[in-house]
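Shown next: upload25.cif, given as mmCIF, C-alpha atoms.
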```cif
data_model
loop_
_atom_site.label_atom_id
_atom_site.label_comp_id
_atom_site.auth_asym_id
_atom_site.auth_seq_id
_atom_site.Cartn_x
_atom_site.Cartn_y
_atom_site.Cartn_z
CA MET Y 86 0.00 0.00 0.00
CA ASN Y 87 1.03 3.56 -0.64
CA VAL Y 88 1.07 5.32 2.74
CA PHE Y 89 1.57 9.05 3.39
CA ILE Y 90 2.58 10.18 6.86
CA ILE Y 91 2.61 13.83 7.91
CA GLY Y 92 4.81 14.53 10.93
CA ALA Y 93 7.96 12.69 11.98
CA GLY Y 94 8.01 13.46 15.68
CA LYS Y 95 7.90 10.63 18.20
CA VAL Y 96 4.59 9.25 16.94
CA GLY Y 97 5.48 9.56 13.26
CA TYR Y 98 8.92 7.99 13.75
CA TYR Y 99 7.60 4.89 15.54
CA LEU Y 100 4.69 4.62 13.14
CA VAL Y 101 7.12 4.42 10.20
CA LYS Y 102 9.20 1.88 12.10
CA THR Y 103 6.10 -0.25 12.75
CA LEU Y 104 4.76 -0.06 9.20
CA LEU Y 105 8.06 -0.60 7.34
CA PRO Y 106 8.33 -4.41 7.75
CA ASN Y 107 4.88 -4.74 6.11
CA LYS Y 108 6.35 -3.71 2.73
CA HIS Y 109 4.29 -0.56 2.40
CA LYS Y 110 5.53 2.26 0.21
CA ILE Y 111 5.88 5.07 2.74
CA THR Y 112 6.37 8.80 2.17
CA VAL Y 113 6.90 11.06 5.17
CA ILE Y 114 6.52 14.85 5.15
CA GLU Y 115 8.02 16.79 8.05
CA LYS Y 116 8.52 20.54 8.67
CA ASN Y 117 11.53 20.21 10.96
CA GLN Y 118 14.82 19.68 9.10
CA GLU Y 119 16.46 17.89 12.05
CA TYR Y 120 13.65 15.32 12.35
CA CYS Y 121 13.87 14.75 8.59
CA SER Y 122 17.59 14.00 8.73
CA LYS Y 123 17.22 11.65 11.67
CA LEU Y 124 14.43 9.70 10.00
CA ALA Y 125 16.21 9.52 6.65
CA SER Y 126 19.45 8.27 8.21
CA ASP Y 127 17.77 5.74 10.54
CA LEU Y 128 15.14 4.18 8.28
CA GLU Y 129 14.73 3.27 4.61
CA VAL Y 130 11.94 5.67 3.79
CA ALA Y 131 11.25 8.61 1.46
CA VAL Y 132 11.36 11.82 3.50
CA VAL Y 133 10.19 15.19 2.17
CA HIS Y 134 11.09 18.35 4.06
CA GLY Y 135 8.18 20.79 4.13
CA ASP Y 136 4.65 21.66 5.20
CA GLY Y 137 2.20 18.75 4.96
CA THR Y 138 -0.67 21.17 4.43
CA ASP Y 139 0.95 22.79 1.37
CA ILE Y 140 -1.00 21.69 -1.71
CA ASN Y 141 1.88 22.08 -4.17
CA LEU Y 142 4.23 20.10 -1.95
CA LEU Y 143 1.67 17.32 -1.45
CA SER Y 144 1.09 17.12 -5.17
CA GLU Y 145 4.84 17.00 -5.96
CA ALA Y 146 5.28 14.28 -3.34
CA GLY Y 147 2.51 12.28 -5.06
CA ALA Y 148 -0.32 12.47 -2.52
CA GLN Y 149 -2.79 11.72 -5.33
CA HIS Y 150 -1.41 8.15 -5.43
CA ALA Y 151 -1.75 7.52 -1.69
CA ASP Y 152 -4.07 4.76 -0.45
CA VAL Y 153 -3.86 5.86 3.16
CA PHE Y 154 -3.04 9.32 4.50
CA ILE Y 155 -2.02 9.69 8.15
CA ALA Y 156 -1.44 13.03 9.91
CA VAL Y 157 0.33 12.77 13.27
CA THR Y 158 1.81 16.21 13.99
CA GLY Y 159 1.43 17.82 17.42
CA GLN Y 160 -0.97 20.45 16.03
CA ASP Y 161 -4.62 19.46 15.69
CA GLN Y 162 -5.36 22.16 13.11
CA ASP Y 163 -2.51 20.93 10.87
CA ASN Y 164 -3.66 17.30 11.14
CA LEU Y 165 -7.23 18.26 10.24
CA ILE Y 166 -6.33 20.45 7.26
CA ALA Y 167 -3.83 17.88 5.92
CA CYS Y 168 -6.48 15.14 6.02
CA GLN Y 169 -9.14 17.38 4.48
CA LEU Y 170 -6.81 18.28 1.62
CA ALA Y 171 -5.94 14.61 1.13
CA LYS Y 172 -9.60 13.66 1.03
CA ARG Y 173 -11.07 16.51 -0.99
CA ASN Y 174 -8.23 17.57 -3.22
CA PHE Y 175 -6.29 14.34 -3.73
CA HIS Y 176 -9.19 11.92 -3.27
CA VAL Y 177 -7.35 9.63 -0.85
CA ARG Y 178 -9.74 6.89 0.28
CA ARG Y 179 -8.72 6.59 3.92
CA THR Y 180 -7.52 9.41 6.16
CA ILE Y 181 -6.38 9.02 9.75
CA ALA Y 182 -5.56 11.89 12.11
CA ARG Y 183 -3.93 12.06 15.49
CA VAL Y 184 -5.97 14.20 17.88
CA ASN Y 185 -3.98 15.96 20.59
CA ASN Y 186 -6.98 17.46 22.37
CA PRO Y 187 -9.48 14.60 23.00
CA LYS Y 188 -12.37 17.07 22.67
CA ASN Y 189 -11.55 17.27 18.96
CA ILE Y 190 -12.27 13.59 18.18
CA ALA Y 191 -15.92 14.24 17.33
CA VAL Y 192 -15.03 17.49 15.57
CA PHE Y 193 -12.56 15.70 13.29
CA GLU Y 194 -15.03 13.00 12.31
CA LYS Y 195 -17.78 15.54 11.62
CA LEU Y 196 -15.39 17.52 9.43
CA GLY Y 197 -14.57 14.54 7.22
CA VAL Y 198 -11.58 12.71 8.75
CA ASP Y 199 -12.23 8.95 8.52
CA ILE Y 200 -10.53 7.89 11.74
CA SER Y 201 -9.30 10.08 14.58
CA VAL Y 202 -7.04 8.70 17.27
CA SER Y 203 -6.34 10.39 20.59
CA SER Y 204 -3.37 9.02 22.51
CA THR Y 205 -4.39 11.08 25.53
CA SER Y 206 -7.78 9.43 25.85
CA ILE Y 207 -6.40 5.96 25.04
CA ILE Y 208 -3.87 6.23 27.88
CA ALA Y 209 -6.49 7.65 30.25
CA GLU Y 210 -8.89 4.80 29.45
CA MET Y 211 -6.21 2.14 29.96
CA ILE Y 212 -5.31 3.57 33.33
CA GLU Y 213 -8.98 3.86 34.26
CA LYS Y 214 -9.41 0.15 33.47
CA GLU Y 215 -6.50 -0.77 35.74
CA ILE Y 216 -7.81 1.13 38.75
CA ASP Y 217 -11.39 -0.10 38.36
CA PHE Y 218 -11.98 -2.43 41.34
CA SER Y 219 -15.68 -3.00 40.83
CA ALA Y 220 -17.05 -6.30 39.53
CA VAL Y 221 -17.49 -4.75 36.08
CA LYS Y 222 -14.44 -3.99 33.90
CA THR Y 223 -14.74 -1.94 30.71
CA LEU Y 224 -12.90 -3.75 27.91
CA ALA Y 225 -13.69 -1.47 25.00
CA LYS Y 226 -15.67 1.57 24.07
CA LEU Y 227 -17.24 1.40 20.62
CA LYS Y 228 -19.06 3.97 18.47
CA GLN Y 229 -17.37 6.97 20.12
CA GLY Y 230 -18.07 5.56 23.59
CA ASP Y 231 -21.78 5.07 23.03
CA LEU Y 232 -21.49 1.29 23.22
CA MET Y 233 -19.44 -0.54 25.89
CA LEU Y 234 -18.02 -4.03 26.03
CA SER Y 235 -17.65 -5.07 29.68
CA GLU Y 236 -16.27 -8.07 31.55
CA VAL Y 237 -18.14 -9.17 34.68
CA VAL Y 238 -17.28 -11.87 37.22
CA VAL Y 239 -20.36 -13.31 39.00
CA SER Y 240 -19.91 -13.30 42.77
CA LYS Y 241 -21.76 -15.44 45.31
CA LYS Y 242 -23.45 -12.38 46.78
CA SER Y 243 -24.67 -11.06 43.44
CA GLN Y 244 -28.38 -11.39 42.69
CA ALA Y 245 -27.40 -12.91 39.31
CA CYS Y 246 -25.82 -15.99 40.93
CA ASP Y 247 -27.75 -19.27 40.37
CA ARG Y 248 -30.38 -17.51 38.30
CA LYS Y 249 -31.61 -18.09 34.72
CA ILE Y 250 -30.73 -15.28 32.33
CA MET Y 251 -34.40 -14.98 31.30
CA ASP Y 252 -35.35 -14.32 34.94
CA MET Y 253 -32.78 -11.58 35.38
CA LYS Y 254 -34.02 -8.01 35.14
CA LEU Y 255 -31.18 -6.68 32.99
CA PRO Y 256 -31.66 -3.35 31.18
CA LYS Y 257 -33.16 -3.79 27.67
CA GLU Y 258 -30.12 -2.25 26.04
CA ALA Y 259 -27.70 -4.80 27.51
CA MET Y 260 -26.90 -8.29 26.24
CA ILE Y 261 -24.78 -11.13 27.66
CA MET Y 262 -22.70 -12.29 24.69
CA SER Y 263 -20.82 -15.16 26.26
CA VAL Y 264 -20.21 -16.94 29.55
CA ILE Y 265 -16.81 -18.39 30.45
CA ARG Y 266 -17.00 -21.18 33.04
CA GLY Y 267 -13.63 -22.72 33.83
CA ASN Y 268 -12.21 -23.70 30.45
CA GLU Y 269 -15.59 -23.82 28.79
CA THR Y 270 -17.12 -21.04 26.67
CA ILE Y 271 -20.90 -20.97 26.65
CA VAL Y 272 -23.02 -19.06 24.17
CA PRO Y 273 -25.90 -18.26 26.52
CA ASN Y 274 -29.64 -18.29 25.96
CA GLY Y 275 -32.53 -17.49 28.28
CA GLN Y 276 -32.29 -20.91 29.98
CA THR Y 277 -28.60 -20.57 30.91
CA VAL Y 278 -28.12 -20.44 34.68
CA LEU Y 279 -25.25 -18.27 35.91
CA ARG Y 280 -22.90 -19.69 38.53
CA GLU Y 281 -20.42 -18.20 40.97
CA ARG Y 282 -17.08 -17.22 39.31
CA ASP Y 283 -18.60 -17.24 35.79
CA THR Y 284 -17.01 -14.56 33.62
CA LEU Y 285 -19.53 -12.75 31.41
CA PHE Y 286 -18.95 -10.56 28.39
CA ILE Y 287 -21.70 -7.99 28.20
CA ILE Y 288 -22.36 -5.44 25.47
CA CYS Y 289 -24.50 -2.49 26.49
CA LYS Y 290 -25.32 1.14 25.79
CA GLN Y 291 -23.16 3.47 27.85
CA SER Y 292 -26.31 4.86 29.47
CA CYS Y 293 -27.08 1.55 31.19
CA GLN Y 294 -23.57 0.56 32.31
CA LYS Y 295 -24.31 1.97 35.76
CA ALA Y 296 -27.34 -0.35 36.04
CA ILE Y 297 -25.11 -3.33 35.12
CA VAL Y 298 -22.54 -2.33 37.76
CA ASP Y 299 -25.32 -2.05 40.38
CA TYR Y 300 -26.86 -5.38 39.35
CA PHE Y 301 -23.67 -7.43 39.61
CA SER Y 302 -22.16 -5.92 42.76
CA MET S 58 -24.88 41.54 16.66
CA TYR S 59 -22.81 39.16 18.79
CA ILE S 60 -19.46 38.73 17.06
CA ILE S 61 -16.48 36.53 17.97
CA ILE S 62 -12.99 37.43 16.79
CA ALA S 63 -10.40 34.63 17.00
CA GLY S 64 -6.91 36.14 17.18
CA CYS S 65 -6.02 39.53 18.69
CA GLY S 66 -3.15 40.65 16.49
CA LYS S 67 -3.15 43.91 14.50
CA VAL S 68 -6.19 42.89 12.44
CA GLY S 69 -8.06 41.11 15.25
CA SER S 70 -7.63 43.94 17.75
CA GLY S 71 -8.54 46.56 15.13
CA LEU S 72 -11.60 44.61 14.07
CA ALA S 73 -12.73 44.01 17.66
CA SER S 74 -12.25 47.66 18.65
CA LYS S 75 -14.09 48.93 15.57
CA LEU S 76 -17.05 46.57 15.94
CA SER S 77 -17.30 47.31 19.66
CA ARG S 78 -17.31 51.09 18.95
CA GLU S 79 -20.13 50.50 16.47
CA GLY S 80 -22.18 49.02 19.27
CA HIS S 81 -21.84 45.28 18.62
CA ASP S 82 -21.25 42.73 21.37
CA VAL S 83 -17.74 41.44 20.76
CA ALA S 84 -15.70 38.59 22.23
CA VAL S 85 -11.98 38.29 21.38
CA ILE S 86 -9.97 35.09 21.80
CA ASP S 87 -6.19 34.89 21.94
CA SER S 88 -3.82 32.38 23.52
CA ASP S 89 -1.54 35.21 24.66
CA GLU S 90 -3.07 37.46 27.30
CA SER S 91 -0.74 40.38 26.50
CA ALA S 92 -2.26 40.53 23.00
CA PHE S 93 -5.33 42.21 24.50
CA GLU S 94 -3.20 45.31 25.23
CA LYS S 95 -3.64 46.21 21.54
CA LEU S 96 -7.39 46.70 22.03
CA ASP S 97 -8.92 50.18 22.49
CA ASP S 98 -8.60 51.41 26.09
CA ASP S 99 -12.37 51.57 26.40
CA PHE S 100 -13.00 48.21 24.66
CA GLY S 101 -16.10 46.89 26.39
CA GLY S 102 -16.18 43.36 24.97
CA LEU S 103 -15.21 39.99 26.37
CA ARG S 104 -11.55 38.88 26.44
CA VAL S 105 -11.01 35.11 26.47
CA VAL S 106 -7.53 33.60 26.91
CA GLY S 107 -7.10 30.25 25.16
CA VAL S 108 -6.74 28.32 21.93
CA PRO S 109 -9.73 29.09 19.69
CA ILE S 110 -10.00 25.51 18.35
CA ASP S 111 -10.83 24.32 21.87
CA GLN S 112 -14.62 23.92 22.11
CA ASP S 113 -14.66 24.97 25.77
CA ILE S 114 -12.89 28.20 24.86
CA LEU S 115 -15.41 28.86 22.07
CA LYS S 116 -18.25 28.22 24.54
CA LYS S 117 -16.63 30.66 26.99
CA ALA S 118 -16.57 33.24 24.21
CA GLY S 119 -20.31 32.69 23.72
CA ILE S 120 -20.37 30.62 20.52
CA ASP S 121 -23.90 29.41 21.41
CA GLN S 122 -25.32 32.90 20.97
CA ALA S 123 -22.94 34.30 18.33
CA ASP S 124 -24.21 35.66 15.01
CA ALA S 125 -20.83 35.91 13.31
CA LEU S 126 -17.19 34.88 13.67
CA ALA S 127 -13.94 36.04 12.08
CA ALA S 128 -10.83 33.84 12.31
CA VAL S 129 -7.77 36.09 12.03
CA THR S 130 -4.97 34.31 13.94
CA PRO S 131 -1.53 34.23 12.25
CA ASP S 132 -1.99 30.49 11.53
CA ASP S 133 -3.90 29.68 8.30
CA ASN S 134 -4.79 26.16 9.39
CA MET S 135 -6.03 27.37 12.77
CA ASN S 136 -8.29 29.88 10.98
CA ILE S 137 -9.65 27.21 8.63
CA MET S 138 -10.36 24.83 11.49
CA VAL S 139 -12.03 27.49 13.69
CA SER S 140 -14.23 28.58 10.78
CA GLN S 141 -15.33 25.03 10.04
CA VAL S 142 -16.12 24.34 13.69
CA ALA S 143 -18.12 27.59 13.90
CA LYS S 144 -19.95 27.05 10.61
CA ASP S 145 -20.48 23.28 10.35
CA ILE S 146 -20.67 22.26 14.00
CA CYS S 147 -21.97 25.31 15.86
CA GLY S 148 -24.11 26.58 12.97
CA ILE S 149 -22.93 30.22 13.06
CA PRO S 150 -24.47 31.83 9.94
CA ARG S 151 -21.69 34.28 9.12
CA VAL S 152 -18.10 33.05 9.30
CA VAL S 153 -14.97 34.32 7.58
CA ALA S 154 -11.38 33.05 7.65
CA ARG S 155 -8.23 34.92 6.78
CA ILE S 156 -5.89 32.68 4.77
CA TYR S 157 -2.47 34.01 3.73
CA ASN S 158 -1.58 31.15 1.37
CA PRO S 159 -3.38 31.80 -1.96
CA ALA S 160 -3.44 28.13 -3.05
CA ARG S 161 -4.98 27.06 0.24
CA GLU S 162 -7.45 29.96 0.12
CA ASP S 163 -8.55 28.88 -3.32
CA ILE S 164 -9.23 25.28 -2.23
CA PHE S 165 -11.13 26.13 0.94
CA HIS S 166 -13.09 28.84 -0.84
CA GLN S 167 -14.18 26.16 -3.33
CA PHE S 168 -15.18 23.96 -0.40
CA GLY S 169 -17.66 26.61 0.70
CA LEU S 170 -15.74 28.65 3.29
CA GLU S 171 -15.87 32.45 3.16
CA THR S 172 -12.24 33.47 2.92
CA ILE S 173 -10.09 36.59 2.68
CA CYS S 174 -6.58 36.32 1.25
CA PRO S 175 -4.50 39.40 2.16
CA THR S 176 -1.67 38.16 -0.07
CA ASN S 177 -3.86 38.19 -3.18
CA LEU S 178 -5.42 41.55 -2.28
CA THR S 179 -2.02 43.18 -1.75
CA VAL S 180 -0.58 41.71 -4.94
CA GLU S 181 -3.56 42.89 -7.02
CA THR S 182 -3.53 46.39 -5.55
CA ILE S 183 0.21 46.94 -5.88
CA ALA S 184 0.35 45.45 -9.38
CA ALA S 185 -2.53 47.71 -10.48
CA PHE S 186 -0.78 50.74 -9.05
CA LEU S 187 2.62 49.92 -10.59
CA THR S 188 1.33 49.15 -14.09
CA GLY S 189 -1.29 51.91 -14.14
CA LYS S 190 -3.91 49.34 -15.11
CA PRO S 191 -7.37 50.00 -13.72
CA PHE S 192 -7.87 48.68 -10.23
CA GLU S 193 -10.51 45.98 -10.12
CA THR S 194 -12.49 44.99 -7.12
CA THR S 195 -15.17 42.32 -7.01
CA CYS S 196 -18.25 41.86 -4.95
CA THR S 197 -20.02 38.51 -4.61
CA ILE S 198 -23.75 38.39 -3.98
CA GLY S 199 -25.03 34.82 -3.78
CA SER S 200 -23.52 33.07 -6.78
CA ASN S 201 -23.09 36.29 -8.80
CA THR S 202 -19.81 38.16 -8.91
CA ILE S 203 -19.78 41.78 -9.98
CA SER S 204 -16.55 43.53 -10.85
CA PHE S 205 -15.90 47.25 -10.50
CA THR S 206 -13.10 49.08 -12.31
CA VAL S 207 -12.15 52.76 -12.46
CA GLU S 208 -11.06 54.44 -15.69
CA ASP S 209 -10.22 57.98 -16.82
CA VAL S 210 -12.83 59.69 -18.95
CA ASP S 211 -12.17 59.51 -22.68
CA PRO S 212 -11.71 63.20 -23.74
CA GLU S 213 -14.26 62.66 -26.52
CA LEU S 214 -16.94 61.89 -23.94
CA VAL S 215 -16.48 65.10 -21.93
CA GLY S 216 -19.75 67.05 -22.08
CA SER S 217 -21.97 64.05 -22.91
CA GLN S 218 -24.74 62.72 -20.71
CA ILE S 219 -24.46 59.21 -19.31
CA ILE S 220 -27.56 58.10 -21.28
CA ASP S 221 -25.84 58.97 -24.58
CA ILE S 222 -22.66 57.03 -23.93
CA ARG S 223 -22.59 53.69 -25.78
CA ARG S 224 -19.97 51.25 -24.52
CA LYS S 225 -18.34 48.65 -26.74
CA ASP S 226 -18.31 46.01 -23.97
CA ASP S 227 -21.33 44.84 -22.01
CA ARG S 228 -20.24 46.67 -18.87
CA PHE S 229 -21.99 49.85 -17.78
CA ILE S 230 -21.21 53.11 -16.07
CA PHE S 231 -22.05 52.78 -12.40
CA GLY S 232 -20.73 56.03 -10.97
CA ILE S 233 -18.50 59.07 -11.42
CA ILE S 234 -15.63 60.21 -9.22
CA LYS S 235 -15.01 63.96 -9.46
CA ASP S 236 -12.46 65.62 -7.17
CA GLY S 237 -12.34 62.40 -5.13
CA ARG S 238 -16.11 62.35 -4.49
CA PHE S 239 -18.33 59.53 -5.74
CA THR S 240 -21.80 60.12 -7.24
CA PHE S 241 -24.05 57.54 -8.91
CA ALA S 242 -24.24 57.82 -12.69
CA HIS S 243 -27.77 59.16 -13.27
CA PRO S 244 -28.89 59.07 -16.92
CA TYR S 245 -28.73 62.85 -17.37
CA THR S 246 -25.50 63.48 -15.46
CA VAL S 247 -22.99 65.30 -17.63
CA VAL S 248 -19.46 63.91 -17.67
CA GLU S 249 -16.95 66.59 -16.78
CA LYS S 250 -13.27 66.89 -17.61
CA GLY S 251 -10.93 65.24 -15.11
CA SER S 252 -13.53 62.82 -13.74
CA LYS S 253 -13.09 59.09 -13.43
CA LEU S 254 -15.78 56.58 -14.33
CA VAL S 255 -16.64 53.60 -12.13
CA ILE S 256 -17.57 50.75 -14.45
CA ALA S 257 -19.51 47.68 -13.30
CA GLY S 258 -19.76 44.34 -15.02
CA LYS S 259 -20.84 40.79 -14.29
CA VAL S 260 -18.10 38.16 -14.04
CA ASP S 261 -19.03 34.74 -15.43
#
```

Could you render the structure as structure tokens?
Amino acid sequence: MNVFIIGAGKVGYYLVKTLLPNKHKITVIEKNQEYCSKLASDLEVAVVHGDGTDINLLSEAGAQHADVFIAVTGQDQDNLIACQLAKRNFHVRRTIARVNNPKNIAVFEKLGVDISVSSTSIIAEMIEKEIDFSAVKTLAKLKQGDLMLSEVVVSKKSQACDRKIMDMKLPKEAMIMSVIRGNETIVPNGQTVLRERDTLFIICKQSCQKAIVDYFS
Amino acid sequence: MYIIIAGCGKVGSGLASKLSREGHDVAVIDSDESAFEKLDDDFGGLRVVGVPIDQDILKKAGIDQADALAAVTPDDNMNIMVSQVAKDICGIPRVVARIYNPAREDIFHQFGLETICPTNLTVETIAAFLTGKPFETTCTIGSNTISFTVEDVDPELVGSQIIDIRRKDDRFIFGIIKDGRFTFAHPYTVVEKGSKLVIAGKVD
């Protein structure tokens, strides 16, 4: 694949390093001359010195042939404009932007960036998961956090223990996807009875996660 | 009107001071607090310290009640992003972005953003002055663009009435400048020596 990367700071550098073994054709554009030299001397990659939001430069570098366009500079406005130019002017199919301020994730997607990634919120979520002592652990947030995948361990004291799923009063917008009992994986139905130490994977709307937490603790 | 100005440099501070003097409610945003020193001493508007692409900062500046926004920070991309957030996400009806880079201005203008490119304006004005060619300014109303140029009166036309002047192109005489003062070109106005004609025409 033909991959364009804007920004060769820490994120850009390690991104190139990660993508290189996959035999992609990578072009990197970076404003800072020093970063350019370091990247060019360390890794086998085409490096262009200049502004990744400059239309003439993008066109000379061949952005119109890119399959994927990734903007990972430290400036949100530059990442947004670079991706918009790639999409609208060079008709690149897939654009990905790094978001430095997590509040901009929704903004980016509304303004036409295909995927926006915020390292700040990813790190915060991972830490949040680690310090969550309750019976319910959040494994993933989907659809911009609207949908949650949670892991629950059934305790003896929980009202769910030794009860059929169909008799449980779970919120309508929650569903038990699978039950892990010892080494066995069970795809549950209404007749499945939950036992102590069962691990459940539950998918639910974010709005009813609190009800799930209350139910299982 | 409630107007937000993003960027308090020479243009931003001038714009904010002028609009505030005219009686509008104005909020100015700049990431550098000392930039507000450039505002009029009696500037009565809101000063907000912060990055204008931060939604919380825009809310602080009153984006929910704003009628118009001008993005005039020194960073083209910042101005483009602020304008898009204001227009497409917050639904502000009147938004304009200053973009120095002509190529970028051209693209984002095509994408539906109202833009001002000082580089192009300066180049046009200076080139017109240096070459003596008539200065042309354009005005866009909806999807129509009207161009105005100024030319010296042809000596043969001195003494004629506007209604009797037949032009070879499909432009028409819009006004007359005599001794630096503009008057509309009424049909029976007589063209005097030393006047300049303001010519209007539609650009396709």

Worksheet item: For Asp261 in chain S, which of S:Ser217, S:Thr194, S:Ser200, S:Thr188 is the closest residue, counting all atoms listed in the file?
Response: S:Ser200

Practice prompt. With a cut-off of 7 Å and counting all atoms listed in the file, select all residues of chain Y in contact with chain S and give the selection as a list in words.
Written response: Ile140, Gln162, Asp163 and Ile166 of chain Y

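Residues matched by the PyMOL selection byres ((chain S and resi 171) around 9) in this file: S:Ser140, S:Arg151, S:Val152, S:Val153, S:Ala154, S:Arg155, S:Phe165, S:His166, S:Gly169, S:Leu170, S:Thr172, S:Ile173.
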
Would you save the residues of that selection, restricted to C-alpha atoms, as a PDB file, in the frame of the given file?
```pdb
ATOM      1  CA  SER S 140     -14.230  28.580  10.780  1.00  0.00           C
ATOM      2  CA  ARG S 151     -21.690  34.280   9.120  1.00  0.00           C
ATOM      3  CA  VAL S 152     -18.100  33.050   9.300  1.00  0.00           C
ATOM      4  CA  VAL S 153     -14.970  34.320   7.580  1.00  0.00           C
ATOM      5  CA  ALA S 154     -11.380  33.050   7.650  1.00  0.00           C
ATOM      6  CA  ARG S 155      -8.230  34.920   6.780  1.00  0.00           C
ATOM      7  CA  PHE S 165     -11.130  26.130   0.940  1.00  0.00           C
ATOM      8  CA  HIS S 166     -13.090  28.840  -0.840  1.00  0.00           C
ATOM      9  CA  GLY S 169     -17.660  26.610   0.700  1.00  0.00           C
ATOM     10  CA  LEU S 170     -15.740  28.650   3.290  1.00  0.00           C
ATOM     11  CA  THR S 172     -12.240  33.470   2.920  1.00  0.00           C
ATOM     12  CA  ILE S 173     -10.090  36.590   2.680  1.00  0.00           C
TER      13      ILE S 173
END
```

Practice prompt. For the structure shown, which residues end up in the PyMOL selection byres ((chain Y and resi 292) around 12)? Put them as a VMD selection string, please?
Written response: chain Y and resid 230 to 233 256 to 259 288 to 291 293 to 298

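The space separating CA of Tyr59 in chain S from CA of Ser77 in chain S comes to 9.9 Å.
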
Discussion item. Evaluated on this file, the PyMOL selection byres ((chain S and resi 157) around 6) picks out some residues - which ones are they, written as number ranges by chain?
Written reply: S: 156, 158, 174-176

Write a file of the just-selected residues containing C-alpha atoms, as a PDB file, in the frame of the given file.
```pdb
ATOM      1  CA  ILE S 156      -5.890  32.680   4.770  1.00  0.00           C
ATOM      2  CA  ASN S 158      -1.580  31.150   1.370  1.00  0.00           C
ATOM      3  CA  CYS S 174      -6.580  36.320   1.250  1.00  0.00           C
ATOM      4  CA  PRO S 175      -4.500  39.400   2.160  1.00  0.00           C
ATOM      5  CA  THR S 176      -1.670  38.160  -0.070  1.00  0.00           C
TER       6      THR S 176
END
```
